[in-house]
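Read the structure below first, then the notes.
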Amino acid sequence: MKKNLKSFFLFFIFLVSCTNKKTVSRADFIIGTICSIKIPASKNADAILEKCFAELKRLDKILSANDENSELSKLNTSAFLNPVKVSPELLELVAFSKMVSKETDGAFELAIGSLVKLWGIGFENERVPHESEIKELLPFCKSENIKIIDEEIFLETANSKIDLGAVGKGYAADRMVEILKSENVESAIINLGGNIYVLGKKFFTNENWKIGLRNPSGAPTDSALVLQVSNTSVVTSGTYERCFEQNGVHYHHILDPKTGYPVKNNLVSVSVICENSTYADALSTAFLVLGYEKSLDFLKKNYSKKISVVFMFKDGTYKTTNEQLIAEDKMMPAH
Ligand code: AMP
Ligand code: MG
């Protein structure tokens with residue numbers, strides 16, 4: 001994260017705790033983004049939120065790609081041909097990501113770490129690499145090069161590095177839901193940098209939650225569509241999120257593992273709505289890479305997994321696989 005942006009958030013959001021009569025919420029800057037959780041007020045509510053945020057901090061120390069002391073960073077520098085025993089969380093998420101890499105035919109690519117670092121998009125060292133640098137790394141960025149044996153992971157080539165940036169927030173959201181359920185919290189809203197999970201129905205009602213999806217050409221707070229959902233995760237991948245412009249060309253943070261360049265198609269964002277937030281996170285990235293048609297093929301093959309999707313296109317239109325989710329729309333449906 002660029003330093004000035006981070007300090008901006010820290011200045012306003014650092015450890016905000018806020019209580020009204022009925023709900024308690026807390027926000028903090030963790031896992032490289034603003035994380036907030038709101039639950040009904042109770043005598044245990046503060047302790048429950050404390051538990052959630054302690055867990056987010058613990059997960060960050062395991063999964064962060066940007067902290068050189070995280071378990072993942074250490075794995076990436078030490079596991080070349082040298083199996084390393086990892087924590088159950090890292091093992092679980094790497095194994096899951098390897099499975100999604102395979103089922104999306106490498107559109108979601110667990111081993112994309114070296115290319116992500118080369119571009120550095122969203123960081124101070126972001127730049128357009130020379131074509132030869134990209135070509136050199138491409139063959140190594142394949143999940144087949146990440147091996148899992150029992151509780152150990154090893155990297156078959158030194159340039160095959162794991163990146164969990166496209167699943168980490170989803171994984172953390174699922175973990176928050178587990179904690180909240182274990183504490184008998186029936187209704188909550190979890191927002192980990194735009195990766196949303198709504199637990200149960202809206203506070204003290206039997207109504208669905210209303211979740212706004214960002215207008216790609218508007219301000220971050222401007223929503224183009226409002227979804228009505230409950231007990232589910234809503235995760236969006238957008239080409240406007242971490243990006244820069246050079247010589248009039250827009251470069252963004254979601255890379256096409258087949259070319260090594262930021263994905264180029266008619267999509268500007270993809271939102272995936274499903275109960276498993278880790279999967280929603282992985283698939284929103286994968287669908288942005290696959291494009292609209294191939295994503296629909298994937299959904300047809302995997303219809304039993306109960307996934308809904310909203311695709312937003314560069315021309316300002318949208319398509320959804322589930323009309324019933326749309327509560328309000330300020331943009332045109334595509335034909
Ligand atoms: P998301 O915002 O969830 O779509 O995740 C984007 C992040 O995932 C990027 O910032 C990279 O760290 C990483 N990434 C980029 N391209 C891919 C890809 N094709 N497959 C998996 N991870 C990716
Ligand atoms: Mg993702």
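Residues in the structure tokens are numbered from 1 in each chain, the chains being A, B, ... in the order shown, and ligands are numbered from 1 in the order shown.
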Q. Got a sec: who's within 12 Å of Asn66 (chain A), counting only C-alpha atoms, leaving out chain neighbours fewer than 4 positions off, as an MDAnalysis selection string?
A. chainID A and resid 1:2 30:32 60:62 70:74 76 113 116:117 120 122:123 163:165
Using only C-alpha atoms and all ligand atoms, find each residue of chain A with at least one atom at most 7 Å away from an atom of ligand 2; report its shortest atom-to-atom pair and that distance in Å (one decimal), sort the rows by chain and rising residue number, and return the result as a tab-separated table.
```
residue	atom	partner	partner_atom_place_in_ligand_line	distance
A:Ala166	CA	ligand 2	1 (Mg)	3.6
A:Val167	CA	ligand 2	1 (Mg)	5.2
A:Ser237	CA	ligand 2	1 (Mg)	5.9
A:Asp281	CA	ligand 2	1 (Mg)	3.6
A:Ala282	CA	ligand 2	1 (Mg)	4.5
A:Leu283	CA	ligand 2	1 (Mg)	6.5
A:Ser284	CA	ligand 2	1 (Mg)	5.3
A:Thr285	CA	ligand 2	1 (Mg)	4.4
```
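Across the structure, CA of Phe244 (chain A) and CA of Val128 (chain A) are spaced 9.7 Å apart.
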**Q.** Selection near Ser271 (chain A), 12 Å with only C-alpha atoms, sequence-local residues under 6 positions removed, as a PyMOL selection string
**A.** chain A and resi 194-196+211-214+216+225-227+233-238+277+279-288+292+295+307-313+318-322+325
Please produce a file of the residues just selected, as a CSV table (one decimal), in the first residue's frame, where the atoms kept are N, CA and C atoms.
```csv
chain,number,residue,atom,x,y,z
A,194,GLY,N,-13.8,-3.9,1.6
A,194,GLY,CA,-14.7,-4.0,0.5
A,194,GLY,C,-15.1,-5.5,0.3
A,195,ASN,N,-14.5,-6.4,1.0
A,195,ASN,CA,-14.8,-7.8,1.0
A,195,ASN,C,-15.9,-8.0,2.1
A,196,ILE,N,-17.2,-8.1,1.7
A,196,ILE,CA,-18.3,-8.0,2.6
A,196,ILE,C,-18.8,-9.4,3.0
A,211,ILE,N,-26.6,-4.0,0.1
A,211,ILE,CA,-25.2,-3.8,-0.1
A,211,ILE,C,-24.9,-3.1,-1.4
A,212,GLY,N,-24.3,-2.0,-1.4
A,212,GLY,CA,-24.0,-1.2,-2.6
A,212,GLY,C,-22.8,-1.7,-3.3
A,213,LEU,N,-22.9,-1.8,-4.7
A,213,LEU,CA,-21.7,-2.1,-5.5
A,213,LEU,C,-21.3,-0.9,-6.1
A,214,ARG,N,-20.0,-0.6,-6.0
A,214,ARG,CA,-19.4,0.7,-6.4
A,214,ARG,C,-19.6,0.9,-7.9
A,216,PRO,N,-18.1,2.0,-11.1
A,216,PRO,CA,-16.7,1.9,-11.5
A,216,PRO,C,-16.2,3.3,-12.0
A,225,LEU,N,-25.2,-0.1,-8.1
A,225,LEU,CA,-26.3,-1.1,-7.9
A,225,LEU,C,-26.4,-1.4,-6.4
A,226,VAL,N,-27.6,-1.7,-6.0
A,226,VAL,CA,-27.7,-2.1,-4.6
A,226,VAL,C,-28.3,-3.5,-4.6
A,227,LEU,N,-27.6,-4.4,-3.8
A,227,LEU,CA,-28.0,-5.8,-3.7
A,227,LEU,C,-28.8,-6.0,-2.5
A,233,SER,N,-21.5,-13.8,1.5
A,233,SER,CA,-20.4,-12.9,1.2
A,233,SER,C,-20.6,-12.2,-0.2
A,234,VAL,N,-20.2,-11.0,-0.3
A,234,VAL,CA,-20.2,-10.2,-1.5
A,234,VAL,C,-18.8,-9.7,-1.8
A,235,VAL,N,-18.2,-10.2,-2.8
A,235,VAL,CA,-16.8,-9.9,-3.0
A,235,VAL,C,-16.6,-9.3,-4.4
A,236,THR,N,-15.9,-8.2,-4.5
A,236,THR,CA,-15.8,-7.5,-5.9
A,236,THR,C,-14.3,-7.4,-6.2
A,237,SER,N,-14.0,-7.8,-7.5
A,237,SER,CA,-12.6,-7.5,-8.0
A,237,SER,C,-12.8,-6.4,-9.1
A,238,GLY,N,-12.1,-5.3,-9.0
A,238,GLY,CA,-12.3,-4.2,-10.0
A,238,GLY,C,-10.9,-3.8,-10.6
A,277,SER,N,-16.7,-17.1,1.6
A,277,SER,CA,-16.1,-15.8,1.2
A,277,SER,C,-14.7,-16.1,0.6
A,279,TYR,N,-14.0,-18.5,-1.3
A,279,TYR,CA,-14.3,-18.9,-2.7
A,279,TYR,C,-14.8,-17.7,-3.5
A,280,ALA,N,-15.6,-16.9,-2.9
A,280,ALA,CA,-16.1,-15.7,-3.6
A,280,ALA,C,-14.9,-14.8,-4.0
A,281,ASP,N,-13.9,-14.7,-3.1
A,281,ASP,CA,-12.8,-13.8,-3.3
A,281,ASP,C,-12.0,-14.4,-4.5
A,282,ALA,N,-11.7,-15.7,-4.5
A,282,ALA,CA,-10.9,-16.3,-5.5
A,282,ALA,C,-11.6,-16.2,-6.9
A,283,LEU,N,-12.9,-16.5,-6.9
A,283,LEU,CA,-13.7,-16.5,-8.1
A,283,LEU,C,-13.9,-15.1,-8.7
A,284,SER,N,-14.0,-14.1,-7.9
A,284,SER,CA,-14.2,-12.7,-8.4
A,284,SER,C,-12.9,-12.4,-9.2
A,285,THR,N,-11.7,-12.8,-8.7
A,285,THR,CA,-10.5,-12.5,-9.5
A,285,THR,C,-10.4,-13.4,-10.7
A,286,ALA,N,-10.8,-14.6,-10.6
A,286,ALA,CA,-10.7,-15.6,-11.7
A,286,ALA,C,-11.7,-15.1,-12.8
A,287,PHE,N,-12.9,-14.7,-12.5
A,287,PHE,CA,-13.9,-14.3,-13.5
A,287,PHE,C,-13.5,-13.0,-14.2
A,288,LEU,N,-12.8,-12.1,-13.5
A,288,LEU,CA,-12.3,-10.9,-14.2
A,288,LEU,C,-11.3,-11.3,-15.3
A,292,TYR,N,-16.5,-12.6,-19.4
A,292,TYR,CA,-18.0,-12.9,-19.2
A,292,TYR,C,-18.3,-14.3,-19.7
A,295,SER,N,-16.7,-17.2,-17.9
A,295,SER,CA,-17.2,-17.3,-16.5
A,295,SER,C,-18.5,-18.0,-16.5
A,307,ILE,N,-23.6,-20.0,-6.7
A,307,ILE,CA,-22.9,-18.8,-6.8
A,307,ILE,C,-23.7,-17.8,-7.7
A,308,SER,N,-23.8,-16.5,-7.3
A,308,SER,CA,-24.4,-15.5,-8.1
A,308,SER,C,-23.3,-14.5,-8.5
A,309,VAL,N,-23.4,-13.9,-9.7
A,309,VAL,CA,-22.4,-13.0,-10.1
A,309,VAL,C,-23.0,-11.8,-10.7
A,310,VAL,N,-22.4,-10.6,-10.5
A,310,VAL,CA,-22.7,-9.4,-11.2
A,310,VAL,C,-21.5,-8.9,-12.0
A,311,PHE,N,-21.6,-8.8,-13.3
A,311,PHE,CA,-20.5,-8.4,-14.1
A,311,PHE,C,-20.8,-6.9,-14.5
A,312,MET,N,-19.8,-6.0,-14.3
A,312,MET,CA,-20.0,-4.6,-14.8
A,312,MET,C,-19.0,-4.5,-16.0
A,313,PHE,N,-19.5,-3.8,-17.0
A,313,PHE,CA,-18.7,-3.7,-18.3
A,313,PHE,C,-18.2,-2.3,-18.4
A,318,TYR,N,-24.4,-3.6,-17.1
A,318,TYR,CA,-24.1,-4.7,-16.2
A,318,TYR,C,-24.9,-5.9,-16.6
A,319,LYS,N,-24.5,-7.1,-16.2
A,319,LYS,CA,-25.3,-8.3,-16.3
A,319,LYS,C,-25.2,-9.1,-15.0
A,320,THR,N,-26.3,-9.7,-14.7
A,320,THR,CA,-26.2,-10.6,-13.5
A,320,THR,C,-26.8,-12.0,-13.7
A,321,THR,N,-26.3,-12.9,-13.0
A,321,THR,CA,-26.9,-14.3,-13.1
A,321,THR,C,-28.1,-14.5,-12.2
A,322,ASN,N,-28.4,-13.5,-11.4
A,322,ASN,CA,-29.5,-13.6,-10.4
A,322,ASN,C,-30.2,-12.2,-10.2
A,325,LEU,N,-31.4,-10.5,-6.9
A,325,LEU,CA,-30.5,-9.9,-5.9
A,325,LEU,C,-30.5,-8.3,-6.0
```
Q. Got a sec to tell me which of region 9-257 of chain A DSSP assigns to strand (DSSP E), as a PyMOL selection string?
A. chain A and resi 16-19+23-30+33-40+84-85+146-149+152-155+188-192+195-199+209-214+223-229+232-238+243-246+249-252
Those same residues, written as an mmCIF file, in the first residue's frame with C-alpha atoms?
```cif
data_model
loop_
_atom_site.group_PDB
_atom_site.id
_atom_site.type_symbol
_atom_site.label_atom_id
_atom_site.label_comp_id
_atom_site.auth_asym_id
_atom_site.auth_seq_id
_atom_site.Cartn_x
_atom_site.Cartn_y
_atom_site.Cartn_z
ATOM 1 C CA VAL A 16 -12.122 3.407 15.891
ATOM 2 C CA SER A 17 -14.557 1.953 18.330
ATOM 3 C CA CYS A 18 -18.088 3.178 18.212
ATOM 4 C CA THR A 19 -21.172 2.215 20.111
ATOM 5 C CA THR A 23 -24.983 -2.061 17.832
ATOM 6 C CA VAL A 24 -21.258 -1.987 18.479
ATOM 7 C CA SER A 25 -18.674 -1.582 15.756
ATOM 8 C CA ARG A 26 -14.937 -1.493 15.470
ATOM 9 C CA ALA A 27 -12.554 -0.636 12.639
ATOM 10 C CA ASP A 28 -8.819 -0.919 12.258
ATOM 11 C CA PHE A 29 -6.167 -0.930 9.532
ATOM 12 C CA ILE A 30 -5.094 -4.589 9.209
ATOM 13 C CA THR A 33 -6.837 -2.454 4.354
ATOM 14 C CA ILE A 34 -9.579 -1.050 6.556
ATOM 15 C CA CYS A 35 -11.417 -3.809 8.388
ATOM 16 C CA SER A 36 -14.687 -3.160 10.186
ATOM 17 C CA ILE A 37 -17.138 -5.369 12.020
ATOM 18 C CA LYS A 38 -20.527 -4.406 13.451
ATOM 19 C CA ILE A 39 -22.567 -6.621 15.781
ATOM 20 C CA PRO A 40 -25.559 -6.173 18.101
ATOM 21 C CA VAL A 84 8.893 -26.179 4.873
ATOM 22 C CA LYS A 85 6.356 -27.168 7.520
ATOM 23 C CA ILE A 146 3.889 -25.441 -5.751
ATOM 24 C CA LYS A 147 3.985 -28.844 -4.090
ATOM 25 C CA ILE A 148 2.196 -29.899 -0.933
ATOM 26 C CA ILE A 149 3.308 -33.024 0.902
ATOM 27 C CA GLU A 152 4.938 -29.240 4.121
ATOM 28 C CA ILE A 153 5.091 -26.968 1.094
ATOM 29 C CA PHE A 154 7.908 -26.545 -1.381
ATOM 30 C CA LEU A 155 8.475 -24.447 -4.487
ATOM 31 C CA ALA A 188 -23.342 -8.975 11.780
ATOM 32 C CA ILE A 189 -21.739 -7.051 8.971
ATOM 33 C CA ILE A 190 -18.071 -7.659 8.249
ATOM 34 C CA ASN A 191 -16.267 -5.392 5.808
ATOM 35 C CA LEU A 192 -12.633 -6.222 5.126
ATOM 36 C CA ASN A 195 -14.844 -7.798 0.973
ATOM 37 C CA ILE A 196 -18.250 -8.015 2.645
ATOM 38 C CA TYR A 197 -19.940 -10.712 4.686
ATOM 39 C CA VAL A 198 -23.444 -10.230 6.011
ATOM 40 C CA LEU A 199 -24.371 -12.693 8.704
ATOM 41 C CA TRP A 209 -29.126 -6.403 4.013
ATOM 42 C CA LYS A 210 -28.689 -3.798 1.304
ATOM 43 C CA ILE A 211 -25.172 -3.812 -0.094
ATOM 44 C CA GLY A 212 -24.039 -1.195 -2.601
ATOM 45 C CA LEU A 213 -21.744 -2.145 -5.476
ATOM 46 C CA ARG A 214 -19.401 0.661 -6.430
ATOM 47 C CA SER A 223 -22.944 2.829 -5.699
ATOM 48 C CA ALA A 224 -24.256 1.854 -9.109
ATOM 49 C CA LEU A 225 -26.258 -1.144 -7.912
ATOM 50 C CA VAL A 226 -27.726 -2.104 -4.568
ATOM 51 C CA LEU A 227 -28.014 -5.813 -3.747
ATOM 52 C CA GLN A 228 -30.435 -7.392 -1.260
ATOM 53 C CA VAL A 229 -28.747 -10.315 0.454
ATOM 54 C CA THR A 232 -23.612 -14.445 2.377
ATOM 55 C CA SER A 233 -20.425 -12.894 1.201
ATOM 56 C CA VAL A 234 -20.248 -10.234 -1.527
ATOM 57 C CA VAL A 235 -16.780 -9.855 -3.017
ATOM 58 C CA THR A 236 -15.773 -7.549 -5.859
ATOM 59 C CA SER A 237 -12.642 -7.463 -8.011
ATOM 60 C CA GLY A 238 -12.263 -4.239 -9.982
ATOM 61 C CA CYS A 243 -3.847 0.957 -10.695
ATOM 62 C CA PHE A 244 -1.696 3.585 -12.387
ATOM 63 C CA GLU A 245 -1.514 5.276 -15.733
ATOM 64 C CA GLN A 246 1.520 5.642 -17.972
ATOM 65 C CA VAL A 249 -2.410 3.389 -20.687
ATOM 66 C CA HIS A 250 -4.299 2.113 -17.621
ATOM 67 C CA TYR A 251 -2.399 -0.609 -15.706
ATOM 68 C CA HIS A 252 -4.253 -2.406 -12.902
#
```
(Q) I'd like the neighbourhood of Lys306 (chain A) as a ChimeraX atom specification, where a residue qualifies if any of its atoms comes within 10 Å (using only C-alpha atoms), though same-chain residues fewer than 6 positions away should be ignored. (A) /A:273-276,299
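Take CA of Asp174 (chain A) and CA of Ser78 (chain A): the distance between them is 28.6 Å.
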(Q) as a VMD selection string, please: every residue in region 97-279 of chain A that DSSP puts in alpha helix (DSSP H). (A) chain A and resid 97 to 103 113 to 119 131 to 137 168 to 182 277 to 279
